[in-house]
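**Q** Can you keep this structure in mind? I'll have questions shortly.
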Amino acid sequence: MFQELCARNADFRGDLVRNIKGIRRTQHLFDDLSNDPADWEVAIALEGEQRIPTTAAIVSRPFDYGTVITYTFDSANWHATRFSDGKRYGVWYGSRDVKTTVYETVFHWHRFLLDSFADENRVITGERRLLDVRCDALLIDLGGKQKRFPVIVSRTSYAFTRSIGAYVHEQGLNALLVNSARCAGVNAAVFKPERLSNVREKMFLTYRGNPTEDKCVVERTPGRAWMNVRPSDLA
């Protein structure tokens with residue numbers, strides 16, 4: 001069945017949009033110790049003297065350009081997703097357009113609010129960083145296959161799609177193109193990091209939501225609504 005399902009290929013040469021947690025303005029890691037930049041330099045020097053010798057950077061941030069691609073494929077960061085059980089391999093997800101990434105991530109972000117702040121009646125802010133990432137690969141195109149296999153875009157059951165992901169991984173295939181389960185957009189699930197390259201900054205977004213309300217305001221310019229999303233429409 002999987003051979004039939006994965007029989008259609010697409011030679012993809014273009015950008016995918018990656019939507020991850022981020023902050024619009026970076027913060028110095030020692031600014032909570034002092035307001036004086038000279039003190040920050042002293043703290044950096046002291047930290048460098050006390051650390052165990054290593055070739056790793058003194059300060060690393062998990063989603064800097066060098067790890068936007070590789071972070072997901074590190075076994076320490078595997079977790080269960082639509083096409084992976086999180087135990088054997090990681091899958092990198094990107095979308096063909098920005099709005100699709102918004103619908104995908106708002107769903108998960110609102111679930112986080114409900115889990116962490118369910119009893120708090122207040123607006124909580126989250127910031128997102130979007131990047132363009134080049135993908136050059138022969139992909140398995142599952143577009144339209146949901147008509148015969150509607151479970152591919154199920155919003156509640158991932159058992160079938162994880163079995164597809166396991167097949168793709170075991171066969172050493174590159175990636176999947178698949179319709180989004182949250183909107184009319186298209187996502188890519190990439191299984192090989194070498195098929196991704198050329199990470200470029202695209203934009204920042206701000207998400208604002210109240211755990212007690214079925215609403216998320218998405219801002220491209222801080223303080224100015226760009227999209228209004230109802231999380232219940234995505235569940």
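Note on naming: chains are A, B, ... as they come in the structure tokens, residues start from 1 per chain, ligands start from 1 in the order shown.
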For A:Val178, work out the shell of residues within 9 Å, counting only C-alpha atoms and skipping chain neighbours fewer than 3 positions away, then give it as a PyMOL selection string.

**A** chain A and resi 140-146+152-153+181+185-189

**Q** From a DSSP calculation on the backbone, collect every residue of stretch 5-219 of chain A in alpha helix (DSSP H) and output the set as a PyMOL selection string.

**A** chain A and resi 5+37-50+65-68+98-117+159-170

**Q** Go ahead and write the selection's residues with N, CA and C atoms as a short mmCIF file (atom, residue, chain, number, x, y, z; two decimals), in the first residue's frame.

**A**
data_model
loop_
_atom_site.label_atom_id
_atom_site.label_comp_id
_atom_site.auth_asym_id
_atom_site.auth_seq_id
_atom_site.Cartn_x
_atom_site.Cartn_y
_atom_site.Cartn_z
N LEU A 5 0.95 4.49 -2.43
CA LEU A 5 0.69 5.81 -1.87
C LEU A 5 1.83 6.78 -2.19
N PRO A 37 27.64 47.45 30.31
CA PRO A 37 28.23 46.51 29.35
C PRO A 37 29.63 46.04 29.73
N ALA A 38 30.39 46.89 30.46
CA ALA A 38 31.74 46.48 30.87
C ALA A 38 31.67 45.30 31.82
N ASP A 39 30.63 45.29 32.68
CA ASP A 39 30.44 44.16 33.59
C ASP A 39 30.09 42.89 32.82
N TRP A 40 29.38 43.05 31.71
CA TRP A 40 29.03 41.86 30.91
C TRP A 40 30.30 41.19 30.38
N GLU A 41 31.24 42.02 29.94
CA GLU A 41 32.48 41.47 29.40
C GLU A 41 33.27 40.74 30.47
N VAL A 42 33.26 41.27 31.70
CA VAL A 42 33.93 40.60 32.82
C VAL A 42 33.28 39.24 33.08
N ALA A 43 31.94 39.21 33.05
CA ALA A 43 31.22 37.96 33.29
C ALA A 43 31.52 36.93 32.21
N ILE A 44 31.61 37.39 30.95
CA ILE A 44 31.95 36.47 29.86
C ILE A 44 33.34 35.89 30.05
N ALA A 45 34.29 36.76 30.43
CA ALA A 45 35.66 36.30 30.64
C ALA A 45 35.73 35.29 31.79
N LEU A 46 35.02 35.56 32.87
CA LEU A 46 35.03 34.66 34.02
C LEU A 46 34.40 33.32 33.65
N GLU A 47 33.31 33.37 32.90
CA GLU A 47 32.66 32.13 32.49
C GLU A 47 33.59 31.30 31.63
N GLY A 48 34.35 31.99 30.77
CA GLY A 48 35.28 31.29 29.90
C GLY A 48 36.40 30.62 30.66
N GLU A 49 36.86 31.25 31.77
CA GLU A 49 37.93 30.68 32.56
C GLU A 49 37.48 29.46 33.36
N GLN A 50 36.21 29.43 33.76
CA GLN A 50 35.72 28.39 34.64
C GLN A 50 35.19 27.16 33.90
N TYR A 65 21.54 30.23 12.78
CA TYR A 65 21.54 29.78 11.39
C TYR A 65 22.12 28.37 11.24
N GLY A 66 23.20 28.10 11.95
CA GLY A 66 23.85 26.81 11.79
C GLY A 66 23.01 25.63 12.23
N THR A 67 21.99 25.84 13.06
CA THR A 67 21.22 24.72 13.57
C THR A 67 19.74 24.79 13.20
N VAL A 68 19.34 25.77 12.42
CA VAL A 68 17.95 25.83 11.95
C VAL A 68 17.59 24.54 11.23
N VAL A 98 3.75 31.52 4.27
CA VAL A 98 3.78 31.99 5.66
C VAL A 98 2.49 31.67 6.40
N LYS A 99 1.34 31.93 5.78
CA LYS A 99 0.08 31.76 6.51
C LYS A 99 -0.14 30.31 6.94
N THR A 100 0.32 29.37 6.14
CA THR A 100 0.20 27.96 6.55
C THR A 100 0.99 27.70 7.81
N THR A 101 2.19 28.28 7.92
CA THR A 101 2.98 28.09 9.14
C THR A 101 2.27 28.70 10.35
N VAL A 102 1.53 29.78 10.12
CA VAL A 102 0.80 30.42 11.23
C VAL A 102 -0.29 29.48 11.74
N TYR A 103 -1.10 28.94 10.84
CA TYR A 103 -2.16 28.04 11.28
C TYR A 103 -1.59 26.80 11.97
N GLU A 104 -0.50 26.28 11.46
CA GLU A 104 0.11 25.10 12.08
C GLU A 104 0.62 25.41 13.48
N THR A 105 1.32 26.52 13.64
CA THR A 105 1.96 26.80 14.92
C THR A 105 1.00 27.40 15.95
N VAL A 106 0.00 28.14 15.51
CA VAL A 106 -0.99 28.67 16.46
C VAL A 106 -1.70 27.53 17.17
N PHE A 107 -2.02 26.48 16.44
CA PHE A 107 -2.68 25.33 17.05
C PHE A 107 -1.85 24.80 18.22
N HIS A 108 -0.56 24.57 18.00
CA HIS A 108 0.30 24.01 19.05
C HIS A 108 0.57 25.03 20.15
N TRP A 109 0.73 26.30 19.76
CA TRP A 109 1.00 27.33 20.76
C TRP A 109 -0.19 27.50 21.70
N HIS A 110 -1.41 27.47 21.17
CA HIS A 110 -2.59 27.62 22.02
C HIS A 110 -2.74 26.43 22.95
N ARG A 111 -2.40 25.24 22.49
CA ARG A 111 -2.42 24.08 23.38
C ARG A 111 -1.43 24.26 24.52
N PHE A 112 -0.28 24.85 24.22
CA PHE A 112 0.70 25.14 25.27
C PHE A 112 0.11 26.11 26.30
N LEU A 113 -0.61 27.14 25.84
CA LEU A 113 -1.23 28.09 26.76
C LEU A 113 -2.24 27.38 27.66
N LEU A 114 -3.05 26.51 27.08
CA LEU A 114 -4.05 25.79 27.87
C LEU A 114 -3.40 24.88 28.90
N ASP A 115 -2.28 24.27 28.53
CA ASP A 115 -1.59 23.36 29.46
C ASP A 115 -0.89 24.11 30.57
N SER A 116 -0.35 25.29 30.25
CA SER A 116 0.52 26.00 31.20
C SER A 116 -0.18 27.13 31.95
N PHE A 117 -1.21 27.74 31.35
CA PHE A 117 -1.82 28.94 31.94
C PHE A 117 -3.35 28.85 31.93
N ALA A 159 -1.47 7.84 13.78
CA ALA A 159 -0.95 6.48 13.64
C ALA A 159 -0.62 6.15 12.18
N PHE A 160 -1.52 6.48 11.26
CA PHE A 160 -1.30 6.15 9.86
C PHE A 160 -0.16 6.98 9.27
N THR A 161 -0.14 8.27 9.56
CA THR A 161 0.92 9.11 8.99
C THR A 161 2.28 8.73 9.57
N ARG A 162 2.33 8.30 10.81
CA ARG A 162 3.61 7.86 11.37
C ARG A 162 4.08 6.58 10.69
N SER A 163 3.16 5.73 10.28
CA SER A 163 3.56 4.53 9.54
C SER A 163 4.09 4.92 8.16
N ILE A 164 3.52 5.96 7.55
CA ILE A 164 4.06 6.47 6.29
C ILE A 164 5.47 7.00 6.52
N GLY A 165 5.64 7.80 7.58
CA GLY A 165 6.95 8.34 7.89
C GLY A 165 7.99 7.25 8.12
N ALA A 166 7.60 6.18 8.81
CA ALA A 166 8.52 5.08 9.06
C ALA A 166 8.94 4.43 7.74
N TYR A 167 7.99 4.29 6.83
CA TYR A 167 8.31 3.71 5.51
C TYR A 167 9.28 4.62 4.75
N VAL A 168 9.02 5.92 4.74
CA VAL A 168 9.89 6.86 4.05
C VAL A 168 11.30 6.81 4.64
N HIS A 169 11.37 6.79 5.96
CA HIS A 169 12.67 6.74 6.64
C HIS A 169 13.41 5.44 6.31
N GLU A 170 12.72 4.31 6.38
CA GLU A 170 13.36 3.02 6.14
C GLU A 170 13.83 2.87 4.69
#

**Q** Step one, run DSSP on the backbone; step two, keep only residues of chain A assigned to strand (DSSP E or B); then write them as JSON, numbers by chain.

**A** {"A": [9, 10, 11, 12, 13, 14, 15, 16, 17, 18, 19, 20, 21, 81, 84, 92, 93, 94, 95, 124, 125, 126, 127, 128, 129, 130, 131, 132, 133, 134, 135, 136, 137, 138, 139, 140, 141, 175, 176, 177, 178, 179, 186, 187, 188, 189, 190, 196, 197, 198, 199, 200, 201, 202, 203, 204, 205, 206, 207, 208, 209, 216, 217, 218, 219, 220, 221, 224, 225, 226, 227, 228, 229]}

**Q** Quick one: which stretch 73-187 of chain A residues come within 12 Å of stretch 192-197 of chain A, and what is the nearest atom pair for each with the distance in Å to one decimal, counting only C-alpha atoms, rows ordered by chain and ascending number, as a tab-separated table?

**A**
residue	atom	partner	partner_atom	distance
A:Phe73	CA	A:Pro193	CA	7.2
A:Asp74	CA	A:Pro193	CA	10.3
A:Tyr89	CA	A:Lys192	CA	10.1
A:Gly90	CA	A:Lys192	CA	9.2
A:Val91	CA	A:Lys192	CA	8.1
A:Trp92	CA	A:Pro193	CA	8.0
A:Tyr93	CA	A:Leu196	CA	11.1
A:Gly94	CA	A:Leu196	CA	10.6
A:Leu131	CA	A:Ser197	CA	11.4
A:Asp132	CA	A:Ser197	CA	9.5
A:Val133	CA	A:Ser197	CA	6.0
A:Arg134	CA	A:Ser197	CA	5.1
A:Cys135	CA	A:Leu196	CA	4.7
A:Asp136	CA	A:Arg195	CA	5.6
A:Ala137	CA	A:Arg195	CA	5.9
A:Leu138	CA	A:Arg195	CA	9.3
A:Leu139	CA	A:Arg195	CA	10.2
A:Val168	CA	A:Lys192	CA	10.5
A:His169	CA	A:Lys192	CA	8.9
A:Glu170	CA	A:Lys192	CA	11.9
A:Gln171	CA	A:Lys192	CA	11.8
A:Gly172	CA	A:Lys192	CA	8.5
A:Leu173	CA	A:Lys192	CA	8.0
A:Asn174	CA	A:Lys192	CA	5.6
A:Ala175	CA	A:Lys192	CA	7.3
A:Leu176	CA	A:Lys192	CA	10.9

**Q** Dump N, CA and C atoms for the selected residues as a PDB file, in the first residue's frame?

**A**
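What landed in again_25.pdb:
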ATOM      1  N   PHE A  73      17.255  17.062  13.570  1.00  0.00           N
ATOM      2  CA  PHE A  73      17.773  15.735  13.271  1.00  0.00           C
ATOM      3  C   PHE A  73      18.699  15.195  14.355  1.00  0.00           C
ATOM      4  N   ASP A  74      19.016  16.000  15.343  1.00  0.00           N
ATOM      5  CA  ASP A  74      19.821  15.558  16.481  1.00  0.00           C
ATOM      6  C   ASP A  74      18.947  14.671  17.365  1.00  0.00           C
ATOM      7  N   TYR A  89      13.889   8.730  14.664  1.00  0.00           N
ATOM      8  CA  TYR A  89      14.384   9.740  13.728  1.00  0.00           C
ATOM      9  C   TYR A  89      13.600  11.032  13.929  1.00  0.00           C
ATOM     10  N   GLY A  90      14.177  12.116  13.464  1.00  0.00           N
ATOM     11  CA  GLY A  90      13.509  13.405  13.518  1.00  0.00           C
ATOM     12  C   GLY A  90      13.051  13.818  12.131  1.00  0.00           C
ATOM     13  N   VAL A  91      12.025  14.644  12.074  1.00  0.00           N
ATOM     14  CA  VAL A  91      11.492  15.146  10.811  1.00  0.00           C
ATOM     15  C   VAL A  91      11.441  16.666  10.875  1.00  0.00           C
ATOM     16  N   TRP A  92      11.938  17.305   9.846  1.00  0.00           N
ATOM     17  CA  TRP A  92      11.964  18.764   9.736  1.00  0.00           C
ATOM     18  C   TRP A  92      10.742  19.205   8.935  1.00  0.00           C
ATOM     19  N   TYR A  93       9.995  20.181   9.467  1.00  0.00           N
ATOM     20  CA  TYR A  93       8.768  20.629   8.801  1.00  0.00           C
ATOM     21  C   TYR A  93       8.892  22.076   8.332  1.00  0.00           C
ATOM     22  N   GLY A  94       8.448  22.305   7.128  1.00  0.00           N
ATOM     23  CA  GLY A  94       8.354  23.647   6.575  1.00  0.00           C
ATOM     24  C   GLY A  94       7.099  23.743   5.730  1.00  0.00           C
ATOM     25  N   LEU A 131      11.941  31.827   8.755  1.00  0.00           N
ATOM     26  CA  LEU A 131      13.114  31.786   7.891  1.00  0.00           C
ATOM     27  C   LEU A 131      12.773  31.075   6.598  1.00  0.00           C
ATOM     28  N   ASP A 132      13.407  31.507   5.522  1.00  0.00           N
ATOM     29  CA  ASP A 132      13.347  30.782   4.260  1.00  0.00           C
ATOM     30  C   ASP A 132      14.497  29.787   4.233  1.00  0.00           C
ATOM     31  N   VAL A 133      14.198  28.557   3.845  1.00  0.00           N
ATOM     32  CA  VAL A 133      15.211  27.508   3.752  1.00  0.00           C
ATOM     33  C   VAL A 133      15.070  26.838   2.389  1.00  0.00           C
ATOM     34  N   ARG A 134      16.160  26.757   1.679  1.00  0.00           N
ATOM     35  CA  ARG A 134      16.149  26.162   0.348  1.00  0.00           C
ATOM     36  C   ARG A 134      16.039  24.638   0.448  1.00  0.00           C
ATOM     37  N   CYS A 135      15.187  24.063  -0.381  1.00  0.00           N
ATOM     38  CA  CYS A 135      15.061  22.608  -0.473  1.00  0.00           C
ATOM     39  C   CYS A 135      15.253  22.191  -1.926  1.00  0.00           C
ATOM     40  N   ASP A 136      16.166  21.270  -2.151  1.00  0.00           N
ATOM     41  CA  ASP A 136      16.403  20.707  -3.481  1.00  0.00           C
ATOM     42  C   ASP A 136      16.362  19.195  -3.349  1.00  0.00           C
ATOM     43  N   ALA A 137      15.249  18.604  -3.816  1.00  0.00           N
ATOM     44  CA  ALA A 137      15.106  17.166  -3.632  1.00  0.00           C
ATOM     45  C   ALA A 137      13.956  16.627  -4.457  1.00  0.00           C
ATOM     46  N   LEU A 138      14.031  15.332  -4.706  1.00  0.00           N
ATOM     47  CA  LEU A 138      12.902  14.614  -5.279  1.00  0.00           C
ATOM     48  C   LEU A 138      12.010  14.196  -4.111  1.00  0.00           C
ATOM     49  N   LEU A 139      10.816  14.767  -4.055  1.00  0.00           N
ATOM     50  CA  LEU A 139       9.917  14.544  -2.931  1.00  0.00           C
ATOM     51  C   LEU A 139       8.778  13.604  -3.317  1.00  0.00           C
ATOM     52  N   VAL A 168       9.016   5.916   4.738  1.00  0.00           N
ATOM     53  CA  VAL A 168       9.894   6.859   4.046  1.00  0.00           C
ATOM     54  C   VAL A 168      11.298   6.813   4.637  1.00  0.00           C
ATOM     55  N   HIS A 169      11.370   6.787   5.960  1.00  0.00           N
ATOM     56  CA  HIS A 169      12.667   6.736   6.638  1.00  0.00           C
ATOM     57  C   HIS A 169      13.411   5.442   6.310  1.00  0.00           C
ATOM     58  N   GLU A 170      12.723   4.310   6.381  1.00  0.00           N
ATOM     59  CA  GLU A 170      13.363   3.017   6.140  1.00  0.00           C
ATOM     60  C   GLU A 170      13.828   2.868   4.690  1.00  0.00           C
ATOM     61  N   GLN A 171      13.101   3.496   3.770  1.00  0.00           N
ATOM     62  CA  GLN A 171      13.472   3.425   2.355  1.00  0.00           C
ATOM     63  C   GLN A 171      14.534   4.442   1.968  1.00  0.00           C
ATOM     64  N   GLY A 172      14.918   5.295   2.905  1.00  0.00           N
ATOM     65  CA  GLY A 172      15.939   6.300   2.632  1.00  0.00           C
ATOM     66  C   GLY A 172      15.476   7.385   1.700  1.00  0.00           C
ATOM     67  N   LEU A 173      14.171   7.679   1.700  1.00  0.00           N
ATOM     68  CA  LEU A 173      13.620   8.703   0.823  1.00  0.00           C
ATOM     69  C   LEU A 173      13.815  10.092   1.426  1.00  0.00           C
ATOM     70  N   ASN A 174      13.706  11.121   0.605  1.00  0.00           N
ATOM     71  CA  ASN A 174      14.068  12.477   1.028  1.00  0.00           C
ATOM     72  C   ASN A 174      13.020  13.169   1.887  1.00  0.00           C
ATOM     73  N   ALA A 175      11.793  13.228   1.370  1.00  0.00           N
ATOM     74  CA  ALA A 175      10.807  14.092   2.016  1.00  0.00           C
ATOM     75  C   ALA A 175       9.426  13.843   1.438  1.00  0.00           C
ATOM     76  N   LEU A 176       8.431  14.435   2.085  1.00  0.00           N
ATOM     77  CA  LEU A 176       7.043  14.353   1.643  1.00  0.00           C
ATOM     78  C   LEU A 176       6.492  15.753   1.429  1.00  0.00           C
TER      79      LEU A 176
END

**Q** Just the residues within 9 Å of A:Ile124, please, counting only C-alpha atoms, with nothing from its chain fewer than 2 positions along; format it as a list in words.

**A** Leu113, Phe117, Arg122, Gly126, Tyr207, Arg208, Gly209, Asn210 and Pro211 of chain A

**Q** Could you tell me how far atom CA of A:Ala184 lies from atom CA of A:Arg8, in Å and to one decimal?

**A**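 Separation between atom CA of A:Ala184 and atom CA of A:Arg8: 20.2 Å.
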
**Q** Calculated over only C-alpha atoms, which of the candidates A:Glu120, A:Glu201, A:Asp214, A:Glu4 has the smallest distance to A:Leu234?

**A** A:Asp214

**Q** Hey, which of A:Ala235, A:Val199, A:Ala225, A:Val217 ends up closest to A:Gly14? Count only C-alpha atoms.

**A**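 Under the stated criterion, the closest residue is A:Val199.
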
**Q** Please report the interatomic distance between atom CA of A:Ser180 and atom CA of A:Val17 in Å with one decimal.

**A**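 Here the two named atoms are 13.6 Å from each other.
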